[in-house]
Amino acid sequence: MEFILFLERKNVNQLDRRQILVAGALGALVQGGNVWAAQPAGAAFRIGALNPITGSGANFGSGMQKAILFSAEEVNAAGGAAGRKLEVFAEDDQTSPTAAVLAAKKLLEVNKVQAILGTWASGVSLAVLPMTNTADAILMHTSGAVALADPKINAKKMAYRYQGSSKHLSRAFATAAKKEGLTRPAVMAQNNPALAPHAEGFRKAWIADGGKLTDFVLYEPNRPSYRSELQQVLRSRPDGIILSAYVPDATAIVREWAQLGTPMKWIIPGFGANVDFIKGVTPEVAEGIVVVESVVNEKSGAYARFAQQFALSMKQAPESNVYAAMCYDMVQVLALAIEAAGPGADTVAIAAKIHAVTTGAGTPVDSFAAGKKLLAQKKAVNYVGASSTIDFDDENDVDPTFAAFTIRGGKWQRSYPISG
Amino acid sequence: MEAYLLAIAITALVYVLLTLGLNFQYGFTGLINFGYVGFFALGAYASAICTVRLGWPAWTGFAIGIVVPALLAWPIGRVALRLRDDYLAIVTLGFSEIVRLVIVSEKDLTNGNQGIAGVPKLFAGVAGPGYADGVLAAVLVLAVVLVALLMRAIVKSPYGRLIQAIRDDETALLALGKDPARFKTQVLMLGAAIAGFAGSFYAHYIGFVTPEQFVPIVTFQVWMAMIMGGVGRLRGAVVGAFMLLVILEGSRVARDIVPGVSEVAMSSARLAVIGLALILFIRFRPQGLLGIKRD
Amino acid sequence: MDLLWFDYANLALNGLAEGLMIALPALAVTLVFGVARFPNAAVGDFVSLGCFGALAAHRATGGSIAASLAGGAAAGALGSWLGWKLAFQPLMRRHGLALLLTSIGLGFVLRAFMGLSFGHEIQLFDVPLMKALRFGPLLVNPIDAMVACFSLVCMGIVFGLLRFTSAGRTMRAIACDMDLARVVGIDSRAAMGRMWVLSGVICGVAGLALGLKTQVSPEAGADLLLPAFAAAVIGGLGNPLGAVLGAICLGVMQELSTPFVGFTYKIALSYVVMLLVLLWRPQGLFNRVQGVR
């Protein structure tokens with residue numbers, strides 16, 4: 001992995017952003033004032049899209065950034081929020097806290113963004129959160145680290161997590177394991193800041209329910225072979241293996257297992273067992289593998305719009321990038337909150353509305369456009385998104401609904417829901 | 001805008017410290033250390049553990065962050081003396097990877113791959129959060145100046161002349177009855193201490209440390225800065241570190257000029273530029289790289 | 001968990017397979033060192049080139065392993081020879097550090113080129129998954145067996161070349177003493193060129209092995225670099241047999257250590273062993289003592 005201090009920029013509009021930025025920067029220098037005072041109505045709301053375009057999150061980052069961009073275009077096409085258009089400044093955080101700090105500094109200080117959306121790696125979110133706190137900016141991320149919900153760290157409560165945190169995903173694993181009838185499972189997890197906690201959480205939940213694990217293996221990524229790790233786990237004779245991995249190592253491990261021929265029940269999270277995984281291990285081998293994934297809201301109009309736009313712009317299957325769906329929702333939610341807070345609201349007031357427009361008693365809406373109409377009539381709304389129903393708990397974490405799928409004939413087939 | 005430039009300046013200053021330390025190790029003794037990032041990591045983690053895990057004041061982290069790398073440099077020094085350059089390069093590379101793997105494994109101490117978050121910003125209590133970064137930058141400049149003065153003092157002292165003599169002709173030195181081994185080790189330890197010092201600043205600035213931030217490519221970046229600025233010259237460290245950042249930031253300006261490039265392609269292009277810079281500098285402007293070494 | 005003898009044996013077999021795969025780049029490193037006097041950090045990226053070359057040949061011929069061998073070898077040889085001509089030859093009279101740093105830079109450039117040309121997605125060889133071969137309680141992965149065959153055959157050919165052909169003899173001569181060899185009339189430049197090509201071919205074969213065993217990506221080969229260095233250093237830089245034996249020993253020992261040190265520390269083991277071996281014998285296990293500096 002590289003930690004090269006490098007920042008990139010991408011613009012949405014056709015205008016020469018650079019000239020405007022330079023003028024703005026000069027203006028800010030001259031003014032030197034507090035930019036987060038209430039904005040005059042009509043001033044654009046600036047969003048920083050800080051995503052892992054390169055680095056270990058690169059598989060997801062481009063899709064996430066595109067999702068933010070076309071979600072913002074949708075909002076602008078519907079007339080903007082509270083009379084303000086959304087303006088997106090895109091940067092690459094390189095999946096590195098060092099690079100992310102510089103990129104976030106640039107977004108906050110030079111581009112004067114009022115919200116940063118789409119940080120993926122826990123390290124990146126943890127490094128950026130103190131900065132958004134200082135700047136009174138909103139942060140919406142998809143990172144799993146439990147520390148992000150820590151009241152000491154999310155001190156201003158202006159950070160929002162759109163992915164089920166480790167505690168949710170691991171409980172989902174535990175439920176699935178029980179439903180599958182496992183009594184002596186083992187766990188294999190990549191020794192990675194996101195994946196290891198899922199496994200640890202599962203172990204806690206499983207043991208708290210009185211269960212036992214036969215083995216718990218943390219393995220390093222990028223190894224030429226996982227034969228030894230797999231053999232150790234198999235030696236303990238588990239009746240199922242929970243595998244917390246991304247596609248490359250999941251593919252490698254399951255292929256190794258296929259060659260050994262020991263019958264085994266596998267439970268793998270959705271981001272590890274996607275279409276590339278199935279292709280890599282072959283559909284025959286993948287037959288019967290159980291996949292646990294937060295339910296992408298397929299019935300939701302938001303998902304339909306997201307999927308269509310995503311497939312068009314990324315030329316990839318929309319279900320391969322659940323984080324992009326989360327990013328799409330981030331913009332819609334933010335726009336609804338801006339609309340609800342009314343013209344001239346500052347970011348703190350807008351943040352205060354986020355729970356109101358997503359959680360609780362309100363008419364369900366699945367798009368900014370629909371919500372805007374209802375808000376104009378002074379009605380409460382509850383946004384139901386593409387990635388989940390977007391209901392935040394007290395720690396600003398979404399409480400997603402999970403479901404278990406079984407791979408049959410090379411495809412995921414929904415088996416049963418798992419209440420979050 | 002100034003806050004952003006300040007951020008770049010702070011990062012550059014941390015690299016300047018690193019380059020100074022490496023300059024000291026290689027430029028004055030010819031010891032090839034490809035594991036420099038290991039010392040950087042030790043300093044950063046010392047500060048993080050002391051302030052976050054143990055709740056001690058920041059200066060304890062700095063103190064431990066200076067002493068521990070120096071102590072670990074001692075056995076490397078002893079080993080280095082018996083090895084050829086090339087072997088040493090590889091061994092030190094292995095050393096920095098061992099440091100990283102230990103950090104990953106010893107979860108009770110370092111929280112493993114998840115890293116340690118919440119390392120407090122320096123001077124936030126003194127200067128208020130808005131000005132903390134400015135004070136930090138000023139202190140870093142002070143630190144750089146102090147380290148540079150220290151090194152100049154050493155270089156000009158009889159001890160320093162001894163070190164230069166080692167670099168130039170070891171056999172003669174041995175004939176005079178002086179043992180170059182001890183001095184080389186001491187220089188190595190000092191260079192390691194400087195890296196640890198830089199690491200502490202880094203941890204407090206970023207606020208978050210993980211093993212992933214301390215990988216071999218950081219060592220190579222420091223080497224590049226040293227080569228570009230000129231080995232063996234103290235001024236070179238400053239010039240080299242800032243040049244490194246120019247190279248790395250320059251690609252962003254390039255993207256403004258060439259808008260059609262995708263971000264992912266840019267990351268490959270970035271890597272290519274670094275590789276080419278390394279190749280071309282060594283070939284056409286080694287400037288002190290080979291002036292010191294015997295062929 | 002109590003381990004029985006065959007568990008250890010299986011671990012040892014895994015280690016042997018890994019060691020045989022590392023043996024190839026280790027051999028390439030040591031060959032270059034013997035003749036050009038620097039450790040070539042671009043070897044990992046030559047291996048990646050070999051991966052892609054083999055993959056392309058495999059797809060083009062609908063799955064022929066022989067074609068993949070040729071494709072990988074060709075890609076590795078081309079990369080290595082170009083690197084020699086463009087980057088290393090102009091620097092031949094310089095100190096080893098300059099060449100080492102240049103090889104690092106060359107590695108970056110190659111990786112960037114592969115990233116731009118082929119993208120960063122993981123690609124796989126389309127070979128059918130075969131069941132492991134069982135010999136009682138011992139398990140052997142058929143891919144591992146294939147990789148082992150390639151390695152052994154490749155090594156055999158290289159050793160044969162070095163020992164029995166005139167080209168090999170000239171290579172050994174320039175490795176021993178370049179100026180003396182020239183005095184005797186050996187065309188050192190041509191011999192050097194041949195050595196680079198040979199090193200590249202070895203990397204290419206390693207690329208096919210790596211691609212079959214794991215996955216193909218621009219970064220795949222670079223992960224082998226440090227273990228290859230460690231193996232070559234332990235065996236004694238410049239000593240081909242040493243590099244191979246070093247790789248095998250390291251691989252076996254690494255896997256056997258797993259029950260005791262765990263999966264993360266086993267990686268550190270190679271470096272620790274390297275350090276210990278060098279402390280005991282600074283020239284490497286199989287080398288004679290040369291001037292230390």
# chains A, B, ... in the order shown; residues from 1 in each chain; ligands from 1
$ interface_residues --of "chain C" --to "chain B" --cutoff "8 Å" --atoms "only C-alpha atoms" --output "tab-separated table (two decimals) with N, CA and C atoms, in the first residue's frame"
chain	number	residue	atom	x	y	z
C	38	PHE	N	24.69	-6.41	-7.25
C	38	PHE	CA	23.72	-5.67	-6.45
C	38	PHE	C	22.44	-6.51	-6.35
C	39	PRO	N	21.69	-6.34	-5.25
C	39	PRO	CA	20.43	-7.07	-5.15
C	39	PRO	C	19.37	-6.36	-5.99
C	87	ALA	N	18.24	0.79	-17.86
C	87	ALA	CA	18.45	1.34	-16.53
C	87	ALA	C	19.78	0.96	-15.90
C	90	PRO	N	23.91	1.49	-18.09
C	90	PRO	CA	24.62	2.77	-18.01
C	90	PRO	C	25.25	3.01	-16.64
C	91	LEU	N	24.82	2.24	-15.64
C	91	LEU	CA	25.32	2.50	-14.29
C	91	LEU	C	26.31	1.46	-13.82
C	93	ARG	N	29.33	0.87	-13.71
C	93	ARG	CA	30.57	1.10	-12.99
C	93	ARG	C	30.33	1.70	-11.60
C	94	ARG	N	29.02	1.91	-11.29
C	94	ARG	CA	28.74	2.62	-10.05
C	94	ARG	C	28.61	1.67	-8.87
C	95	HIS	N	28.55	2.27	-7.71
C	95	HIS	CA	28.42	1.47	-6.50
C	95	HIS	C	27.08	0.74	-6.44
C	96	GLY	N	27.07	-0.36	-5.76
C	96	GLY	CA	25.88	-1.19	-5.67
C	96	GLY	C	24.64	-0.46	-5.18
C	97	LEU	N	24.81	0.50	-4.29
C	97	LEU	CA	23.64	1.19	-3.76
C	97	LEU	C	22.90	1.93	-4.87
C	98	ALA	N	23.67	2.55	-5.77
C	98	ALA	CA	23.02	3.27	-6.88
C	98	ALA	C	22.17	2.31	-7.70
C	101	LEU	N	19.02	1.24	-5.69
C	101	LEU	CA	17.97	2.26	-5.72
C	101	LEU	C	17.35	2.37	-7.10
C	102	THR	N	18.17	2.23	-8.13
C	102	THR	CA	17.62	2.25	-9.49
C	102	THR	C	16.66	1.09	-9.69
C	103	SER	N	17.01	-0.06	-9.15
C	103	SER	CA	16.12	-1.21	-9.33
C	103	SER	C	14.80	-0.97	-8.62
C	104	ILE	N	14.84	-0.28	-7.47
C	104	ILE	CA	13.59	0.05	-6.79
C	104	ILE	C	12.74	0.94	-7.67
C	105	GLY	N	13.40	1.97	-8.25
C	105	GLY	CA	12.68	2.87	-9.16
C	105	GLY	C	12.12	2.12	-10.35
C	106	LEU	N	12.92	1.22	-10.91
C	106	LEU	CA	12.45	0.44	-12.06
C	106	LEU	C	11.23	-0.39	-11.69
C	107	GLY	N	11.27	-0.95	-10.48
C	107	GLY	CA	10.13	-1.72	-10.02
C	107	GLY	C	8.86	-0.90	-10.00
C	108	PHE	N	8.96	0.33	-9.49
C	108	PHE	CA	7.80	1.21	-9.46
C	108	PHE	C	7.27	1.46	-10.86
C	109	VAL	N	8.21	1.76	-11.78
C	109	VAL	CA	7.79	2.07	-13.14
C	109	VAL	C	7.06	0.87	-13.76
C	110	LEU	N	7.62	-0.33	-13.55
C	110	LEU	CA	6.96	-1.53	-14.11
C	110	LEU	C	5.58	-1.72	-13.51
C	111	ARG	N	5.49	-1.52	-12.20
C	111	ARG	CA	4.20	-1.71	-11.55
C	111	ARG	C	3.18	-0.71	-12.09
C	112	ALA	N	3.65	0.53	-12.30
C	112	ALA	CA	2.75	1.55	-12.85
C	112	ALA	C	2.31	1.16	-14.24
C	113	PHE	N	3.25	0.66	-15.04
C	113	PHE	CA	2.93	0.26	-16.40
C	113	PHE	C	1.88	-0.86	-16.40
C	115	GLY	N	-0.22	-1.52	-14.00
C	115	GLY	CA	-1.47	-0.98	-13.50
C	115	GLY	C	-2.24	-0.24	-14.58
C	116	LEU	N	-1.52	0.54	-15.36
C	116	LEU	CA	-2.17	1.30	-16.43
C	116	LEU	C	-2.65	0.38	-17.54
C	226	LEU	N	10.61	-9.66	-0.66
C	226	LEU	CA	11.34	-9.77	0.60
C	226	LEU	C	11.69	-11.21	0.95
C	229	PHE	N	14.60	-12.15	-1.20
C	229	PHE	CA	15.82	-11.54	-0.69
C	229	PHE	C	16.34	-12.31	0.51
C	230	ALA	N	15.43	-12.59	1.44
C	230	ALA	CA	15.85	-13.28	2.66
C	230	ALA	C	16.50	-14.61	2.31
C	233	VAL	N	19.88	-14.11	0.66
C	233	VAL	CA	20.88	-13.65	1.62
C	233	VAL	C	21.34	-14.77	2.51
C	264	THR	N	0.76	-14.54	12.14
C	264	THR	CA	1.36	-13.25	11.84
C	264	THR	C	2.85	-13.28	12.06
C	265	TYR	N	3.27	-13.85	13.19
C	265	TYR	CA	4.70	-13.86	13.48
C	265	TYR	C	5.48	-14.81	12.58
C	268	ALA	N	7.44	-12.92	10.24
C	268	ALA	CA	8.62	-12.26	10.80
C	268	ALA	C	9.77	-13.25	10.94
C	271	TYR	N	12.75	-13.11	8.62
C	271	TYR	CA	13.71	-12.02	8.82
C	271	TYR	C	14.57	-12.29	10.04
C	272	VAL	N	13.95	-12.83	11.07
C	272	VAL	CA	14.73	-13.13	12.27
C	272	VAL	C	15.79	-14.18	11.96
C	274	MET	N	17.07	-14.81	9.11
C	274	MET	CA	18.08	-14.18	8.26
C	274	MET	C	19.12	-13.46	9.13
C	275	LEU	N	18.60	-12.70	10.11
C	275	LEU	CA	19.49	-11.97	11.00
C	275	LEU	C	20.41	-12.91	11.76
C	278	LEU	N	23.06	-14.50	9.56
C	278	LEU	CA	24.12	-13.57	9.19
C	278	LEU	C	25.01	-13.23	10.37
C	279	LEU	N	24.44	-13.25	11.57
C	279	LEU	CA	25.27	-13.01	12.73
C	279	LEU	C	26.30	-14.13	12.88
C	282	PRO	N	28.45	-14.20	8.41
C	282	PRO	CA	28.08	-12.97	7.70
C	282	PRO	C	28.07	-13.10	6.19
C	283	GLN	N	28.67	-14.14	5.66
C	283	GLN	CA	28.69	-14.21	4.21
C	283	GLN	C	27.56	-15.07	3.68
C	292	VAL	N	34.70	-8.30	3.45
C	292	VAL	CA	33.39	-7.85	3.92
C	292	VAL	C	32.93	-6.57	3.23
C	293	ARG	N	33.84	-5.72	2.88
C	293	ARG	CA	33.36	-4.49	2.22
C	293	ARG	C	33.93	-4.31	0.83
$ residues_around --residues "Ile267 of chain A" --least-positions-apart "6" --cutoff "8 Å" --atoms "only C-alpha atoms" --output "PyMOL selection string"
chain A and resi 173+176-177+240-243+289-292
$ write_last_selection --atoms "C-alpha atoms" --output "tab-separated table (two decimals), in the first residue's frame"
chain	number	residue	atom	x	y	z
A	173	PHE	CA	-23.57	-13.66	11.78
A	176	ALA	CA	-27.38	-16.90	10.83
A	177	ALA	CA	-25.08	-19.44	12.45
A	240	GLY	CA	-19.21	-24.49	9.99
A	241	ILE	CA	-16.80	-21.64	9.35
A	242	ILE	CA	-17.57	-17.95	9.63
A	243	LEU	CA	-15.24	-16.24	7.19
A	289	ILE	CA	-22.53	-21.03	0.80
A	290	VAL	CA	-24.51	-18.76	3.10
A	291	VAL	CA	-24.06	-15.03	2.60
A	292	VAL	CA	-25.00	-12.45	5.20
$ atom_distance --atom1 "atom CA of Ser166 of chain C" --atom2 "atom CA of Ala191 of chain C"
10.3 Å
$ closest_atom_pairs --of "chain C" --to "chain A" --cutoff "9 Å" --atoms "only C-alpha atoms" --output "JSON lines"
{"residue": "C:Met1", "atom": "CA", "partner": "A:Ser236", "partner_atom": "CA", "distance": 7.6}
{"residue": "C:Leu3", "atom": "CA", "partner": "A:Arg235", "partner_atom": "CA", "distance": 8.9}
{"residue": "C:Asp7", "atom": "CA", "partner": "A:Gln231", "partner_atom": "CA", "distance": 8.6}
{"residue": "C:Asn10", "atom": "CA", "partner": "A:Ser228", "partner_atom": "CA", "distance": 8.3}
{"residue": "C:Leu11", "atom": "CA", "partner": "A:Ser228", "partner_atom": "CA", "distance": 6.3}
{"residue": "C:Asn14", "atom": "CA", "partner": "A:Ser228", "partner_atom": "CA", "distance": 7.0}
{"residue": "C:Gly15", "atom": "CA", "partner": "A:Ser228", "partner_atom": "CA", "distance": 8.8}
{"residue": "C:Glu18", "atom": "CA", "partner": "A:Pro224", "partner_atom": "CA", "distance": 7.3}
{"residue": "C:His120", "atom": "CA", "partner": "A:Ala58", "partner_atom": "CA", "distance": 8.8}
{"residue": "C:Glu121", "atom": "CA", "partner": "A:Asn59", "partner_atom": "CA", "distance": 8.0}
{"residue": "C:Ile122", "atom": "CA", "partner": "A:Pro248", "partner_atom": "CA", "distance": 7.3}
{"residue": "C:Gln123", "atom": "CA", "partner": "A:Gly280", "partner_atom": "CA", "distance": 8.6}
{"residue": "C:Leu124", "atom": "CA", "partner": "A:Gly280", "partner_atom": "CA", "distance": 7.0}
{"residue": "C:Asp126", "atom": "CA", "partner": "A:Gly280", "partner_atom": "CA", "distance": 8.8}
{"residue": "C:Pro128", "atom": "CA", "partner": "A:Thr282", "partner_atom": "CA", "distance": 8.9}
{"residue": "C:Leu129", "atom": "CA", "partner": "A:Gln259", "partner_atom": "CA", "distance": 6.7}
{"residue": "C:Met130", "atom": "CA", "partner": "A:Gln259", "partner_atom": "CA", "distance": 5.8}
{"residue": "C:Lys131", "atom": "CA", "partner": "A:Gln259", "partner_atom": "CA", "distance": 4.2}
{"residue": "C:Ala132", "atom": "CA", "partner": "A:Gln259", "partner_atom": "CA", "distance": 5.0}
{"residue": "C:Leu133", "atom": "CA", "partner": "A:Leu260", "partner_atom": "CA", "distance": 8.6}
{"residue": "C:Leu139", "atom": "CA", "partner": "A:Leu260", "partner_atom": "CA", "distance": 8.0}
{"residue": "C:Asn141", "atom": "CA", "partner": "A:Gln259", "partner_atom": "CA", "distance": 7.2}
{"residue": "C:Pro142", "atom": "CA", "partner": "A:Gln259", "partner_atom": "CA", "distance": 8.8}
{"residue": "C:Leu210", "atom": "CA", "partner": "A:Pro224", "partner_atom": "CA", "distance": 7.6}
{"residue": "C:Lys213", "atom": "CA", "partner": "A:Pro224", "partner_atom": "CA", "distance": 7.2}
{"residue": "C:Thr214", "atom": "CA", "partner": "A:Pro224", "partner_atom": "CA", "distance": 6.0}
{"residue": "C:Gln215", "atom": "CA", "partner": "A:Pro248", "partner_atom": "CA", "distance": 8.1}
{"residue": "C:Ala220", "atom": "CA", "partner": "A:Asn222", "partner_atom": "CA", "distance": 8.1}
{"residue": "C:Asp223", "atom": "CA", "partner": "A:Asn222", "partner_atom": "CA", "distance": 7.3}
{"residue": "C:Leu224", "atom": "CA", "partner": "A:Pro224", "partner_atom": "CA", "distance": 8.5}
{"residue": "C:Glu255", "atom": "CA", "partner": "A:Ser228", "partner_atom": "CA", "distance": 7.2}
{"residue": "C:Thr258", "atom": "CA", "partner": "A:Ser228", "partner_atom": "CA", "distance": 8.1}
{"residue": "C:Pro259", "atom": "CA", "partner": "A:Gln232", "partner_atom": "CA", "distance": 8.6}
{"residue": "C:Gly262", "atom": "CA", "partner": "A:Leu218", "partner_atom": "CA", "distance": 8.9}
{"residue": "C:Phe263", "atom": "CA", "partner": "A:Tyr219", "partner_atom": "CA", "distance": 5.9}
{"residue": "C:Thr264", "atom": "CA", "partner": "A:Glu220", "partner_atom": "CA", "distance": 6.2}
$ residues_around --residues "Ala145 of chain A" --least-positions-apart "4" --cutoff "12 Å" --atoms "only C-alpha atoms" --output "JSON, numbers by chain"
{"A": [120, 121, 122, 123, 124, 125, 126, 141, 149, 150, 153, 161, 163, 164, 165, 166, 167, 168, 169, 192, 193, 194, 195, 196, 197, 198, 200, 201, 397], "B": [113, 114, 115, 116, 117]}
$ residues_around --residues "Ile49 of chain B" --least-positions-apart "6" --cutoff "12 Å" --atoms "only C-alpha atoms" --output "PyMOL selection string"
chain B and resi 41-43+55-58+60-62+64-65+103+107-112+115-120+200+203-204+207-210
$ write_last_selection --atoms "C-alpha atoms" --output "tab-separated table (two decimals), in the first residue's frame"
chain	number	residue	atom	x	y	z
B	41	ALA	CA	6.95	3.77	13.83
B	42	LEU	CA	8.45	3.17	17.25
B	43	GLY	CA	8.42	6.89	18.04
B	55	GLY	CA	-2.75	8.64	30.05
B	56	TRP	CA	0.67	10.07	30.61
B	57	PRO	CA	1.68	13.58	29.53
B	58	ALA	CA	2.95	14.09	26.00
B	60	THR	CA	6.83	11.06	28.22
B	61	GLY	CA	5.84	9.84	24.78
B	62	PHE	CA	8.52	11.96	23.22
B	64	ILE	CA	10.32	7.10	25.19
B	65	GLY	CA	9.94	7.74	21.46
B	103	ILE	CA	2.84	-3.87	16.29
B	107	LYS	CA	-2.81	-6.21	20.45
B	108	ASP	CA	-2.81	-5.61	24.18
B	109	LEU	CA	-0.22	-2.95	23.75
B	110	THR	CA	-0.93	-1.48	20.34
B	111	ASN	CA	-4.50	-2.48	19.52
B	112	GLY	CA	-3.10	-4.32	16.53
B	115	GLY	CA	-4.59	1.28	15.63
B	116	ILE	CA	-4.73	3.81	18.38
B	117	ALA	CA	-7.04	6.75	17.93
B	118	GLY	CA	-7.42	9.96	19.83
B	119	VAL	CA	-3.79	10.94	20.18
B	120	PRO	CA	-4.19	14.49	21.47
B	200	SER	CA	6.05	11.44	18.00
B	203	ALA	CA	1.36	10.76	15.87
B	204	HIS	CA	0.16	13.88	17.63
B	207	GLY	CA	-4.09	11.83	15.85
B	208	PHE	CA	-4.26	8.23	14.79
B	209	VAL	CA	-1.64	5.51	14.29
B	210	THR	CA	-1.98	2.18	12.51
$ select_by_dssp --residues "segment 64-254 of chain C" --states "strand (DSSP E)" --output "VMD selection string"
chain C and resid 133 to 135 138 to 140
$ write_last_selection --atoms "N, CA and C atoms" --output "PDB file, in the first residue's frame"
ATOM      1  N   LEU C 133      -4.356 -34.437  -3.734  1.00  0.00           N
ATOM      2  CA  LEU C 133      -3.930 -35.833  -3.782  1.00  0.00           C
ATOM      3  C   LEU C 133      -3.665 -36.304  -2.355  1.00  0.00           C
ATOM      4  N   ARG C 134      -4.156 -37.454  -2.051  1.00  0.00           N
ATOM      5  CA  ARG C 134      -3.960 -37.954  -0.686  1.00  0.00           C
ATOM      6  C   ARG C 134      -3.008 -39.123  -0.679  1.00  0.00           C
ATOM      7  N   PHE C 135      -2.025 -39.028   0.184  1.00  0.00           N
ATOM      8  CA  PHE C 135      -1.130 -40.162   0.405  1.00  0.00           C
ATOM      9  C   PHE C 135      -1.252 -40.510   1.867  1.00  0.00           C
ATOM     10  N   LEU C 138      -1.373 -37.607   4.333  1.00  0.00           N
ATOM     11  CA  LEU C 138      -0.677 -36.461   3.769  1.00  0.00           C
ATOM     12  C   LEU C 138      -1.439 -35.915   2.567  1.00  0.00           C
ATOM     13  N   LEU C 139      -1.439 -34.594   2.479  1.00  0.00           N
ATOM     14  CA  LEU C 139      -2.185 -33.945   1.403  1.00  0.00           C
ATOM     15  C   LEU C 139      -1.243 -33.183   0.497  1.00  0.00           C
ATOM     16  N   VAL C 140      -1.446 -33.344  -0.789  1.00  0.00           N
ATOM     17  CA  VAL C 140      -0.657 -32.562  -1.731  1.00  0.00           C
ATOM     18  C   VAL C 140      -1.596 -31.899  -2.722  1.00  0.00           C
TER      19      VAL C 140
END
$ select_by_dssp --residues "segment 172-255 of chain C" --states "alpha helix (DSSP H)" --output "number ranges by chain"
C: 172-176, 178-183, 188-213, 225-235, 240-255
$ residues_around --residues "Ala67 of chain A" --least-positions-apart "4" --cutoff "6 Å" --atoms "only C-alpha atoms" --output "PyMOL selection string"
chain A and resi 71+324+328
$ write_last_selection --atoms "N, CA and C atoms" --output "compact mmCIF listing (two decimals), in the first residue's frame"
# COMPACT_ATOMS: atom_id res chain seq x y z
N SER A 71 -26.14 11.41 -7.24
CA SER A 71 -27.19 11.72 -6.27
C SER A 71 -27.35 13.23 -6.13
N ALA A 324 -21.57 2.13 -2.33
CA ALA A 324 -22.02 3.18 -3.25
C ALA A 324 -23.49 3.50 -2.99
N TYR A 328 -25.08 7.11 -2.03
CA TYR A 328 -26.24 7.71 -2.69
C TYR A 328 -27.22 8.21 -1.63
$ residues_around --residues "Ala67 of chain C" --least-positions-apart "4" --cutoff "9 Å" --atoms "only C-alpha atoms" --output "compact mmCIF listing (two decimals) with N, CA and C atoms, in the first residue's frame"
# COMPACT_ATOMS: atom_id res chain seq x y z
N ALA C 54 2.07 -14.93 -18.89
CA ALA C 54 1.56 -16.29 -18.87
C ALA C 54 0.03 -16.29 -19.01
N ALA C 57 -0.98 -15.62 -22.58
CA ALA C 57 -0.75 -16.79 -23.42
C ALA C 57 -1.77 -17.89 -23.13
N HIS C 58 -2.07 -18.02 -21.85
CA HIS C 58 -3.03 -19.05 -21.46
C HIS C 58 -4.39 -18.80 -22.10
N ALA C 60 -4.96 -16.88 -24.70
CA ALA C 60 -4.91 -16.88 -26.16
C ALA C 60 -4.94 -18.29 -26.72
N THR C 61 -4.34 -19.24 -26.01
CA THR C 61 -4.28 -20.59 -26.55
C THR C 61 -5.32 -21.50 -25.93
N GLY C 63 -5.84 -22.32 -22.83
CA GLY C 63 -5.51 -23.11 -21.66
C GLY C 63 -4.28 -24.00 -21.77
N GLY C 71 4.94 -17.89 -22.62
CA GLY C 71 4.51 -16.50 -22.50
C GLY C 71 5.11 -15.83 -21.28
N GLY C 72 5.06 -16.54 -20.15
CA GLY C 72 5.61 -15.96 -18.94
C GLY C 72 7.10 -15.73 -19.05
$ atom_distance --atom1 "atom CA of Leu86 of chain A" --atom2 "atom CA of Ala335 of chain A"
8.2 Å
$ residues_around --residues "Phe39 of chain B" --least-positions-apart "5" --cutoff "6 Å" --atoms "only C-alpha atoms" --output "ChimeraX atom specification"
/B:69,192,195-196
$ write_last_selection --atoms "N, CA and C atoms" --output "compact mmCIF listing (two decimals), in the first residue's frame"
# COMPACT_ATOMS: atom_id res chain seq x y z
N PRO B 69 13.84 3.75 20.00
CA PRO B 69 14.50 3.52 18.71
C PRO B 69 16.02 3.47 18.84
N ALA B 192 18.46 7.01 14.61
CA ALA B 192 17.21 6.36 14.99
C ALA B 192 16.41 7.22 15.95
N ALA B 195 14.54 9.83 14.13
CA ALA B 195 13.35 9.29 13.48
C ALA B 195 12.22 9.11 14.48
N GLY B 196 12.57 8.64 15.68
CA GLY B 196 11.55 8.47 16.71
C GLY B 196 10.93 9.80 17.11
$ atom_distance --atom1 "atom CA of Val147 of chain B" --atom2 "atom CA of Ala193 of chain B"
10.7 Å
$ closest_residue --among "A:Thr175, A:Thr347, A:Ser294, A:Thr95" --to "Asn133 of chain A" --atoms "only C-alpha atoms"
A:Thr347
$ closest_residue --among "B:Met226, B:Leu150, B:Ile10, B:Ile206" --to "chain A" --atoms "only C-alpha atoms"
B:Ile206
